[in-house]
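> There's a structure below that I have some questions on.
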Amino acid sequence: MTSTRIVSQAKFETLSVLRNGEQLLLSIIFPLGLLVFLAKTPLLPGLGVIEAGADPLSIAVPGALSLSLASSAFTGQAIATAFDRRYGVLRQLATTPLGTNGLILGKLGAVIVVVLIQYALVFAAAAILGFRGPVDALGLTLATLFGTAALVSLGLLMAGTVRAEATLAATNLIWVLMAGVGGLVIAHPGEWGTVVGYLPSGALGDAMRSAIGHGGTDIKAIIVLLVWGLVGTLAARRWFRFE
């Protein structure tokens, strides 16, 4: 059955991520390290992101979740797919009963499983550090779903159009930029903050901070992620090459 093949592919993709040391470093160790660093150092008050005495976890937790999602849905998936394409794995899988749609759904399923694991670890670490909320379940769910769709589609677009080595370098650089100046981890004031708010990284960060830091849903950010997801999906369907 097609569903059985998709589940098997998702399981294979998930285990591949969890067994890859570089992927674990990017997807789990870095976000957890960021959480602890932001929570236990005076960086956020020093940058003026929060007032002195305010709870840094209100920024650290959504920042760690956003970084986790970007690591798995964009960077990790783009790199893995690009090298599968380079070595002919995608071309072979596309000719099997799994088919191209099954392959894509399997990859998406793997991303969802890994993200759930990441979220569980981040929330567990946050609870140990003293985080008590508020968390808006609807806002968090929408940010996760639309953020995943946007970042996976853009990652697959890059993996299907650019050489594997270039994808490796570019996605890692973009990951750093998203975390540093792209609004993924902290909000940016002024005109730059307005600009990044319309980028996938900034919109994801805004949606996460609204859901966790303020206990609400940022409708504008969700719409931005939805638009990016549609654009990325259409572009990937148009230009993605299996070889």
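Here's how to read the names in the structure tokens: chain A, B, ... by the order shown, residue numbers from 1 in each chain, ligand numbers from 1 in the order shown.
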Based on the backbone DSSP call, show me all residues of segment 78-110 of chain A assigned alpha helix (DSSP H), as an NGL selection string.
:A and (78-86 or 89-94 or 99-110)
> Out of A:Leu57, A:Leu98, A:Leu121, A:Leu103, which residue has the shortest atom-to-atom distance to Gly133 of chain A when counting only C-alpha atoms?
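The closest residue to Gly133 of chain A is A:Leu57.
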> Extract, using only C-alpha atoms, all DNA, RNA and protein residues at most 10 Å from Thr171 of chain A, discarding same-chain residues fewer than 4 positions from it, and format them as a PyMOL selection string.
chain A and resi 71+74-79+155+158-159+166-167+175-177
> Write out as a ChimeraX atom specification the residues lying within 9 Å of Glu13 of chain A, counting only C-alpha atoms and excluding same-chain residues fewer than 4 positions away.
/A:8-9,17-18,106-107,109-111
> Between atom CA of Val195 of chain A and atom CA of Met178 of chain A, what is the distance, to one decimal in Å?
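Here the two named atoms are 12.8 Å from each other.
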> Can you work out the spacing between atom CA of Asp206 of chain A and atom CA of Ser58 of chain A in Å, to one decimal?
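About the pair atom CA of Asp206 of chain A and atom CA of Ser58 of chain A: they are 12.4 Å apart.
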> Write out as a list in words each polymer residue whose atoms come within 7 Å of Ala60 of chain A, counting only C-alpha atoms; drop sequence neighbours fewer than 5 positions from it.
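Once the nearby chain positions are removed, what remains is Leu35, Leu38 and Ala39 of chain A.
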> I need the chosen residues saved as a compact mmCIF listing (two decimals), in the first residue's frame, with C-alpha atoms.

# COMPACT_ATOMS: atom_id res chain seq x y z
CA LEU A 35 18.30 28.06 25.08
CA LEU A 38 20.15 33.05 26.42
CA ALA A 39 18.55 32.00 29.70
> So what do you get for atom CA of Phe30 of chain A versus atom CA of Ala64 of chain A, distance-wise?
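Atom-to-atom, atom CA of Phe30 of chain A to atom CA of Ala64 of chain A, that is 8.5 Å.
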